[in-house]
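Here is the structure we will look at, set down as structure tokens.
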Amino acid sequence: MKASSGGCSERLVERPRFKQFLDNVFAEILLYASSQPAPSGLRHRNAPGSHVTQYRSERRDHLTVAERSAVMRKIKGRNTAPEMALRRALWARGRRYRVHCGDLAGKPDVVFPKQKIAVFVDGEFWHGKKLAPERLAEMKPYWREKISRNMQRDRNNNASLVRDGWKVVRAGESHVKRDLDRVINVLEDLLAGRKADSVPLGMEIHLPGA
């Protein structure tokens, strides 16, 4: 892909590769399956003497670190299906943008240079958005530390961009899949200089001076 002098990809809309899509689906299935408790360890949460905390404590990763790393490498960080859906919807509304700007903190997925708006489409697992603290604590140290570093990196990137006068929007992949129109409407409000209205729960907006 040809890069512009500003560090952003010039190709604004791409078709996601089918193989990449299948890799993502396969990796997500393995990730979900391997995080479930073993059959012998299952307890109904309403059974006498059982507790939710007991059920959680029996959850474990059934893959080795090497096997888990192979699964995680199949999950792509760019041009994911939700990101592409967001970009197509913006394009359909006549919005033009840059993508994956390497000269900005965190390499935002979608960038509007004129309005100084940086948009990230985050995978909830990788960015710790759907992990309760106790679930994170139960993970193997390698994955716990990796996800914790990702979360801290997100905070640092947000702060760096806001200091430079950028508005930062972080939408989870589930927001894009479930509430694409609402996510687009939030971006339309920000692009028009209005206060964002009807922001989906969990979607982050970081503004300079806020």
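FYI, nothing fancy with the structure tokens labels: chains A, B, ... in order, residues from 1 per chain, ligands from 1 as they appear.
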
- Item | Test item: residues at most 12 Å from Gly123 in chain A, only C-alpha atoms, excluding those fewer than 4 positions along its chain, as a list in words |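 Here the qualifying residues turn out to be Asn24, Glu28, Ile75, Lys76, Gly77, Arg78, Asn79, Thr80, Ala81, Pro82, Glu83, His127, Gly128, Lys129, Lys130, Leu131, Ile147, Asn150, Met151, Arg170, Ala171, Gly172, Glu173, Ser174, His175, Val176 and Lys177 of chain A.
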
- All residues 12 Å or closer to range 197-206 of chain A, only C-alpha atoms, same chain fewer than 4 positions away omitted, as number ranges by chain: A: 117-122, 124, 129-130, 154-155, 157-163, 165-190, 193, 210

- For CA of His100 in chain A and CA of Leu191 in chain A, quote the distance in Å rounded to one decimal. 18.6 Å

Enumerate the residues of range 54-180 of chain A with a DSSP assignment of strand (DSSP E), computed from the backbone, and present them as an mmCIF file with N, CA and C atoms, in the first residue's frame.
data_model
loop_
_atom_site.group_PDB
_atom_site.id
_atom_site.type_symbol
_atom_site.label_atom_id
_atom_site.label_comp_id
_atom_site.auth_asym_id
_atom_site.auth_seq_id
_atom_site.Cartn_x
_atom_site.Cartn_y
_atom_site.Cartn_z
ATOM 1 N N ARG A 98 -8.216 9.617 6.158
ATOM 2 C CA ARG A 98 -6.974 8.864 6.023
ATOM 3 C C ARG A 98 -7.045 7.671 6.983
ATOM 4 N N VAL A 99 -6.197 6.682 6.742
ATOM 5 C CA VAL A 99 -6.223 5.498 7.602
ATOM 6 C C VAL A 99 -4.816 5.160 8.085
ATOM 7 N N VAL A 110 -8.868 5.457 11.642
ATOM 8 C CA VAL A 110 -9.479 6.435 10.733
ATOM 9 C C VAL A 110 -9.143 7.828 11.239
ATOM 10 N N VAL A 111 -8.698 8.688 10.349
ATOM 11 C CA VAL A 111 -8.263 10.028 10.750
ATOM 12 C C VAL A 111 -8.895 11.083 9.841
ATOM 13 N N PHE A 112 -9.411 12.129 10.468
ATOM 14 C CA PHE A 112 -9.912 13.303 9.747
ATOM 15 C C PHE A 112 -8.957 14.452 10.080
ATOM 16 N N ILE A 117 -9.676 14.726 14.181
ATOM 17 C CA ILE A 117 -10.403 13.662 14.861
ATOM 18 C C ILE A 117 -9.715 12.335 14.536
ATOM 19 N N ALA A 118 -9.365 11.598 15.578
ATOM 20 C CA ALA A 118 -8.715 10.295 15.417
ATOM 21 C C ALA A 118 -9.650 9.217 15.959
ATOM 22 N N VAL A 119 -9.893 8.196 15.150
ATOM 23 C CA VAL A 119 -10.852 7.146 15.512
ATOM 24 C C VAL A 119 -10.137 5.801 15.598
ATOM 25 N N PHE A 120 -10.374 5.095 16.696
ATOM 26 C CA PHE A 120 -9.849 3.750 16.882
ATOM 27 C C PHE A 120 -11.027 2.775 16.948
ATOM 28 N N VAL A 121 -10.888 1.641 16.273
ATOM 29 C CA VAL A 121 -11.870 0.560 16.393
ATOM 30 C C VAL A 121 -11.156 -0.568 17.142
ATOM 31 N N ASP A 122 -11.491 -0.727 18.405
ATOM 32 C CA ASP A 122 -10.760 -1.632 19.294
ATOM 33 C C ASP A 122 -11.447 -2.982 19.447
ATOM 34 N N LYS A 167 -9.243 15.284 18.878
ATOM 35 C CA LYS A 167 -10.374 14.608 19.507
ATOM 36 C C LYS A 167 -10.205 13.116 19.237
ATOM 37 N N VAL A 168 -10.312 12.326 20.288
ATOM 38 C CA VAL A 168 -10.072 10.885 20.173
ATOM 39 C C VAL A 168 -11.371 10.128 20.417
ATOM 40 N N VAL A 169 -11.696 9.253 19.483
ATOM 41 C CA VAL A 169 -12.898 8.418 19.606
ATOM 42 C C VAL A 169 -12.458 6.961 19.614
ATOM 43 N N ARG A 170 -12.911 6.224 20.614
ATOM 44 C CA ARG A 170 -12.620 4.790 20.685
ATOM 45 C C ARG A 170 -13.937 4.027 20.691
ATOM 46 N N ALA A 171 -14.170 3.291 19.616
ATOM 47 C CA ALA A 171 -15.370 2.461 19.503
ATOM 48 C C ALA A 171 -14.948 1.005 19.531
ATOM 49 N N GLY A 172 -15.605 0.208 20.354
ATOM 50 C CA GLY A 172 -15.328 -1.218 20.367
ATOM 51 C C GLY A 172 -15.909 -1.876 19.126
#
